[in-house]
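Enquirer: Okay, here's the structure, questions in a sec.
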Amino acid sequence: MKKIFKYVITDILRNKTVLAYTVFLLAISFSLFSLEDNATKGLLSLLNIILIIVPLVSIIFSTIYVYNSSEFIELLVSQPLKRKTIWLSLFAGLSSSLCIAFFIGAGIPVLIYEPTVTGFMMISVGLLLSIIFVAIAMLATVITRDKAKGIGVGILLWLYFSLLFDGLVLFILFQFADYPLEKIMIGISALNPIDLGRILILLKMDISALMGYTGAVFRDFFGTHAGLITAFVTLIIWAGVPAWLSLRKFNRKDL
Amino acid sequence: MIIANNVSKQFGKLKALDNVSVQCNKGECIALIGPNGSGKTTLIKSILGMVVPDSGFITFNGNNILHHWQYRTHIGYMPQIGRYPDNMSIGQVLEMMKDIRSTSTQLDEDLIKRFDLEHMLHKRMRTLSGGTRQKVSASLAFLFNPDVLILDEPTAGLDPVASEILKEKIIEEKKKGKLVMITSHILSELDDLVTHIIYMQDGKLRFHQSIDELRKHTGEEKLSKAIANVMTK
């Protein structure tokens, strides 16, 4: 496991994309923090960008990377190695390199300007989102054989989680405006890791009052320790289940 | 050594393998022949565990290969089209394989020397010609002194000198009592190599005979003529 992990990491580092991603995140975070005179406001702007960029880069980069290393995977599968080892090394290599990139690019500026609970919350949500979208990308690649189709599926999934899902939720809210949906909204928010991350951070920022009664219900639930733990467990499930499903598929895949 | 039991595999509508059962023993040199798309490569890939059969099972030294991935330490595989990570050099690929397999057995770098790969270790895989790629694949297959050699179209794309070197090497290894499986379309070059013939068509195993039996059976001395004789029947 360690050996293959090592080769995956060296290969990803040789590929300059992750480096460019790190530099891009660094540039955005530093410029946002220096533009706003209030660090909390900077954090809020950064949050909105990160919730778009991190899932997008994680899912697209991972999909393309897995397709491009199909030769490497094929070579390894004919060697005395467990398929599980190969796939998990690939997963570990991708998620750790993207996590390191996020930590250097966004984590360090946040720690410099806003080393508060909110800041830590944002770093951990960003790291978890990176891992979740690597896992989703790996599931998409193992299901679709064709590269173009696989990348398309990746983009669609990102679009769904960051835009379409919110639209759907809004639609439901308006359609059923006469009913008390606040409690159900907590359940619905668990269906989208990006939304869950956003809620967790916003609640720490004391602007949840702007979200009205739903905000108060959220605060009631996610403000408690049990709620916080449930939210993080949900995020971990979001990473674990796609990774496990993709591993099961890969074990039976013909190469 | 390798026993396949009623192995079937379907790709969509195409039956790539249809109830194939074969037994391969130590010291044999088996030629897998058949028209294009007759399931030769699928059979090889199932033995290597790269393709998972729909039904039936394959055992290696008595162990079902589905549960014992370690059996692949005993196999050297040369694929039909060697696909390697593009931005690695030949040297890096060789080093990586040595590192991954990390065997205590004596490495067999004979082919690397004879193919003169030592002088192009720094070349990137993406810049290599098809023939050089084949040389790398062949060197890798023989590198770890495996008990079983599986060669899928080994001489396709190789120049006459290189293919002669490879043939000599195969004969040497056969003499050491290893099991060698070769697929090829060039029957004339198999003549002085093989001891057994497996003939496949449309995913079915047509016959599995020793070469002497085949010669007696068809009355032809040359392998190509003997096969032609069987095919036209």
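The chains in the structure tokens are called A, B, ... from first to last as shown; in each chain the residues are counted from 1, and the ligands are counted from 1 in the order shown.
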Given a cut-off of 7 Å, which residues of chain B touch chain A, counting only C-alpha atoms, written out as a ChimeraX atom specification?

Expert: /B:48,50-52,69-73,83-85,100

Enquirer: Do you know which residues are at most 12 Å from Cys99 (chain A) counting only C-alpha atoms, after dropping those on the same chain fewer than 2 positions away, and could you put them as JSON, numbers by chain?

Expert: {"A": [18, 21, 22, 54, 55, 57, 58, 91, 92, 93, 94, 95, 96, 97, 101, 102, 103, 104, 105, 106, 107, 123, 124, 125, 126, 127, 128, 129, 130, 131, 132, 133, 134]}

Enquirer: Deliver the residues from the most recent selection as a file, using N, CA and C atoms, as an mmCIF file, in the first residue's frame.

Expert:
data_model
loop_
_atom_site.group_PDB
_atom_site.id
_atom_site.type_symbol
_atom_site.label_atom_id
_atom_site.label_comp_id
_atom_site.auth_asym_id
_atom_site.auth_seq_id
_atom_site.Cartn_x
_atom_site.Cartn_y
_atom_site.Cartn_z
ATOM 1 N N VAL A 18 -1.928 20.451 -9.339
ATOM 2 C CA VAL A 18 -2.168 20.638 -7.912
ATOM 3 C C VAL A 18 -1.399 21.847 -7.395
ATOM 4 N N TYR A 21 -3.282 24.899 -8.397
ATOM 5 C CA TYR A 21 -4.464 24.993 -7.518
ATOM 6 C C TYR A 21 -4.082 25.630 -6.189
ATOM 7 N N THR A 22 -2.960 25.187 -5.613
ATOM 8 C CA THR A 22 -2.496 25.742 -4.344
ATOM 9 C C THR A 22 -2.214 27.244 -4.469
ATOM 10 N N VAL A 54 -13.514 24.301 -4.395
ATOM 11 C CA VAL A 54 -12.948 23.051 -3.861
ATOM 12 C C VAL A 54 -13.633 21.809 -4.453
ATOM 13 N N PRO A 55 -14.987 21.754 -4.424
ATOM 14 C CA PRO A 55 -15.618 20.576 -5.036
ATOM 15 C C PRO A 55 -15.315 20.462 -6.526
ATOM 16 N N VAL A 57 -12.684 21.571 -8.367
ATOM 17 C CA VAL A 57 -11.324 21.099 -8.662
ATOM 18 C C VAL A 57 -11.154 19.654 -8.220
ATOM 19 N N SER A 58 -11.668 19.300 -7.054
ATOM 20 C CA SER A 58 -11.493 17.935 -6.562
ATOM 21 C C SER A 58 -12.115 16.935 -7.520
ATOM 22 N N PHE A 91 -6.946 6.425 -4.107
ATOM 23 C CA PHE A 91 -7.847 7.298 -3.350
ATOM 24 C C PHE A 91 -7.067 8.108 -2.318
ATOM 25 N N ALA A 92 -6.202 7.427 -1.581
ATOM 26 C CA ALA A 92 -5.429 8.112 -0.540
ATOM 27 C C ALA A 92 -4.499 9.147 -1.169
ATOM 28 N N GLY A 93 -3.871 8.787 -2.285
ATOM 29 C CA GLY A 93 -2.948 9.716 -2.930
ATOM 30 C C GLY A 93 -3.664 10.965 -3.400
ATOM 31 N N LEU A 94 -4.805 10.781 -4.065
ATOM 32 C CA LEU A 94 -5.549 11.929 -4.582
ATOM 33 C C LEU A 94 -6.061 12.796 -3.447
ATOM 34 N N SER A 95 -6.704 12.160 -2.435
ATOM 35 C CA SER A 95 -7.305 13.001 -1.405
ATOM 36 C C SER A 95 -6.235 13.669 -0.558
ATOM 37 N N SER A 96 -5.133 12.982 -0.283
ATOM 38 C CA SER A 96 -4.150 13.663 0.555
ATOM 39 C C SER A 96 -3.489 14.809 -0.197
ATOM 40 N N SER A 97 -3.225 14.642 -1.514
ATOM 41 C CA SER A 97 -2.571 15.755 -2.202
ATOM 42 C C SER A 97 -3.521 16.948 -2.320
ATOM 43 N N ALA A 101 -2.988 20.629 -0.616
ATOM 44 C CA ALA A 101 -3.112 21.845 -1.422
ATOM 45 C C ALA A 101 -4.099 22.807 -0.771
ATOM 46 N N PHE A 102 -5.230 22.282 -0.295
ATOM 47 C CA PHE A 102 -6.228 23.155 0.337
ATOM 48 C C PHE A 102 -5.679 23.734 1.633
ATOM 49 N N PHE A 103 -4.982 22.903 2.388
ATOM 50 C CA PHE A 103 -4.480 23.385 3.675
ATOM 51 C C PHE A 103 -3.468 24.495 3.476
ATOM 52 N N ILE A 104 -2.564 24.325 2.510
ATOM 53 C CA ILE A 104 -1.570 25.374 2.271
ATOM 54 C C ILE A 104 -2.243 26.603 1.661
ATOM 55 N N GLY A 105 -3.128 26.367 0.673
ATOM 56 C CA GLY A 105 -3.711 27.482 -0.073
ATOM 57 C C GLY A 105 -4.723 28.278 0.716
ATOM 58 N N ALA A 106 -5.581 27.607 1.489
ATOM 59 C CA ALA A 106 -6.624 28.340 2.199
ATOM 60 C C ALA A 106 -6.458 28.232 3.714
ATOM 61 N N GLY A 107 -5.968 27.101 4.173
ATOM 62 C CA GLY A 107 -5.864 26.898 5.616
ATOM 63 C C GLY A 107 -4.897 27.853 6.286
ATOM 64 N N ILE A 123 -11.738 25.279 7.796
ATOM 65 C CA ILE A 123 -10.657 24.425 7.304
ATOM 66 C C ILE A 123 -11.096 22.961 7.297
ATOM 67 N N SER A 124 -11.751 22.549 8.395
ATOM 68 C CA SER A 124 -12.123 21.125 8.426
ATOM 69 C C SER A 124 -13.201 20.810 7.391
ATOM 70 N N VAL A 125 -14.146 21.747 7.185
ATOM 71 C CA VAL A 125 -15.166 21.508 6.153
ATOM 72 C C VAL A 125 -14.512 21.430 4.773
ATOM 73 N N GLY A 126 -13.548 22.317 4.506
ATOM 74 C CA GLY A 126 -12.855 22.308 3.210
ATOM 75 C C GLY A 126 -12.122 20.989 2.984
ATOM 76 N N LEU A 127 -11.443 20.517 4.024
ATOM 77 C CA LEU A 127 -10.705 19.252 3.896
ATOM 78 C C LEU A 127 -11.666 18.104 3.631
ATOM 79 N N LEU A 128 -12.769 18.079 4.395
ATOM 80 C CA LEU A 128 -13.747 17.000 4.207
ATOM 81 C C LEU A 128 -14.365 17.043 2.816
ATOM 82 N N LEU A 129 -14.669 18.267 2.344
ATOM 83 C CA LEU A 129 -15.266 18.392 1.011
ATOM 84 C C LEU A 129 -14.306 17.883 -0.056
ATOM 85 N N SER A 130 -12.990 18.163 0.116
ATOM 86 C CA SER A 130 -12.015 17.656 -0.857
ATOM 87 C C SER A 130 -12.098 16.141 -0.931
ATOM 88 N N ILE A 131 -12.107 15.489 0.251
ATOM 89 C CA ILE A 131 -12.122 14.020 0.271
ATOM 90 C C ILE A 131 -13.433 13.497 -0.319
ATOM 91 N N ILE A 132 -14.555 14.134 0.054
ATOM 92 C CA ILE A 132 -15.861 13.677 -0.431
ATOM 93 C C ILE A 132 -15.904 13.705 -1.953
ATOM 94 N N PHE A 133 -15.405 14.801 -2.545
ATOM 95 C CA PHE A 133 -15.527 14.892 -3.998
ATOM 96 C C PHE A 133 -14.514 14.020 -4.719
ATOM 97 N N VAL A 134 -13.400 13.694 -4.083
ATOM 98 C CA VAL A 134 -12.509 12.688 -4.671
ATOM 99 C C VAL A 134 -13.237 11.337 -4.703
#

Enquirer: Could you list, as JSON, numbers by chain, every residue within 7 Å of region 191-202 of chain B, counting only C-alpha atoms and ignoring same-chain residues fewer than 2 positions away?

Expert: {"B": [28, 29, 30, 31, 32, 33, 34, 35, 38, 39, 171, 187, 188, 189, 204, 205, 206, 207, 208, 209, 210, 211, 223]}

Enquirer: Could you write out that same residue set with N, CA and C atoms as an mmCIF file, in the first residue's frame?

Expert:
data_model
loop_
_atom_site.group_PDB
_atom_site.id
_atom_site.type_symbol
_atom_site.label_atom_id
_atom_site.label_comp_id
_atom_site.auth_asym_id
_atom_site.auth_seq_id
_atom_site.Cartn_x
_atom_site.Cartn_y
_atom_site.Cartn_z
ATOM 1 N N GLU B 28 5.356 -27.448 -20.012
ATOM 2 C CA GLU B 28 4.716 -27.397 -21.319
ATOM 3 C C GLU B 28 4.938 -26.037 -21.954
ATOM 4 N N CYS B 29 4.910 -26.023 -23.267
ATOM 5 C CA CYS B 29 4.927 -24.753 -23.972
ATOM 6 C C CYS B 29 3.693 -24.759 -24.858
ATOM 7 N N ILE B 30 2.715 -23.952 -24.477
ATOM 8 C CA ILE B 30 1.407 -24.052 -25.106
ATOM 9 C C ILE B 30 1.196 -22.890 -26.064
ATOM 10 N N ALA B 31 0.759 -23.211 -27.260
ATOM 11 C CA ALA B 31 0.399 -22.157 -28.205
ATOM 12 C C ALA B 31 -1.107 -22.010 -28.189
ATOM 13 N N LEU B 32 -1.552 -20.772 -27.958
ATOM 14 C CA LEU B 32 -2.984 -20.496 -27.995
ATOM 15 C C LEU B 32 -3.245 -19.898 -29.359
ATOM 16 N N ILE B 33 -3.960 -20.612 -30.219
ATOM 17 C CA ILE B 33 -4.217 -20.019 -31.524
ATOM 18 C C ILE B 33 -5.700 -20.023 -31.840
ATOM 19 N N GLY B 34 -6.033 -19.176 -32.787
ATOM 20 C CA GLY B 34 -7.426 -19.033 -33.185
ATOM 21 C C GLY B 34 -7.582 -17.725 -33.919
ATOM 22 N N PRO B 35 -8.687 -17.560 -34.650
ATOM 23 C CA PRO B 35 -8.910 -16.316 -35.396
ATOM 24 C C PRO B 35 -9.021 -15.111 -34.466
ATOM 25 N N SER B 38 -11.360 -14.599 -30.999
ATOM 26 C CA SER B 38 -11.836 -15.922 -30.610
ATOM 27 C C SER B 38 -11.735 -16.132 -29.098
ATOM 28 N N GLY B 39 -11.268 -15.115 -28.384
ATOM 29 C CA GLY B 39 -11.260 -15.207 -26.924
ATOM 30 C C GLY B 39 -9.920 -15.573 -26.318
ATOM 31 N N ILE B 171 12.973 -20.440 -25.450
ATOM 32 C CA ILE B 171 13.437 -21.837 -25.470
ATOM 33 C C ILE B 171 14.275 -22.135 -24.228
ATOM 34 N N LEU B 187 2.397 -18.778 -37.324
ATOM 35 C CA LEU B 187 2.525 -20.166 -36.909
ATOM 36 C C LEU B 187 3.922 -20.705 -37.181
ATOM 37 N N SER B 188 4.584 -20.186 -38.226
ATOM 38 C CA SER B 188 5.879 -20.750 -38.587
ATOM 39 C C SER B 188 6.903 -20.555 -37.470
ATOM 40 N N GLU B 189 6.755 -19.472 -36.724
ATOM 41 C CA GLU B 189 7.759 -19.247 -35.684
ATOM 42 C C GLU B 189 7.453 -20.044 -34.414
ATOM 43 N N LYS B 204 -15.030 -20.748 -27.946
ATOM 44 C CA LYS B 204 -15.062 -22.159 -27.532
ATOM 45 C C LYS B 204 -13.706 -22.790 -27.742
ATOM 46 N N LEU B 205 -13.419 -23.761 -26.908
ATOM 47 C CA LEU B 205 -12.171 -24.500 -27.054
ATOM 48 C C LEU B 205 -12.401 -25.603 -28.082
ATOM 49 N N ARG B 206 -11.730 -25.523 -29.241
ATOM 50 C CA ARG B 206 -11.931 -26.543 -30.278
ATOM 51 C C ARG B 206 -11.121 -27.803 -29.956
ATOM 52 N N PHE B 207 -9.824 -27.657 -29.745
ATOM 53 C CA PHE B 207 -9.066 -28.814 -29.292
ATOM 54 C C PHE B 207 -7.844 -28.403 -28.484
ATOM 55 N N HIS B 208 -7.347 -29.318 -27.717
ATOM 56 C CA HIS B 208 -6.159 -29.119 -26.893
ATOM 57 C C HIS B 208 -5.359 -30.404 -27.025
ATOM 58 N N GLN B 209 -4.310 -30.357 -27.844
ATOM 59 C CA GLN B 209 -3.564 -31.577 -28.149
ATOM 60 C C GLN B 209 -2.078 -31.315 -28.055
ATOM 61 N N SER B 210 -1.323 -32.359 -27.869
ATOM 62 C CA SER B 210 0.120 -32.196 -27.968
ATOM 63 C C SER B 210 0.455 -32.145 -29.457
ATOM 64 N N ILE B 211 1.601 -31.575 -29.771
ATOM 65 C CA ILE B 211 1.912 -31.324 -31.173
ATOM 66 C C ILE B 211 2.139 -32.630 -31.923
ATOM 67 N N LEU B 223 3.500 -27.116 -38.650
ATOM 68 C CA LEU B 223 2.397 -26.697 -37.793
ATOM 69 C C LEU B 223 1.355 -25.909 -38.580
#

Enquirer: Using only C-alpha atoms, which protein or nucleic acid residues come within 12 Å of region 27-32 of chain A? Drop anything in the same chain fewer than 2 positions from it, and give the result as JSON, numbers by chain.

Expert: {"A": [20, 21, 22, 23, 24, 25, 34, 35, 36, 37, 38, 39, 40, 41, 42, 43, 44, 45, 46, 47, 48, 49, 50, 53, 102, 103, 104, 105, 106, 107, 108, 109, 110, 111, 112, 113, 114]}
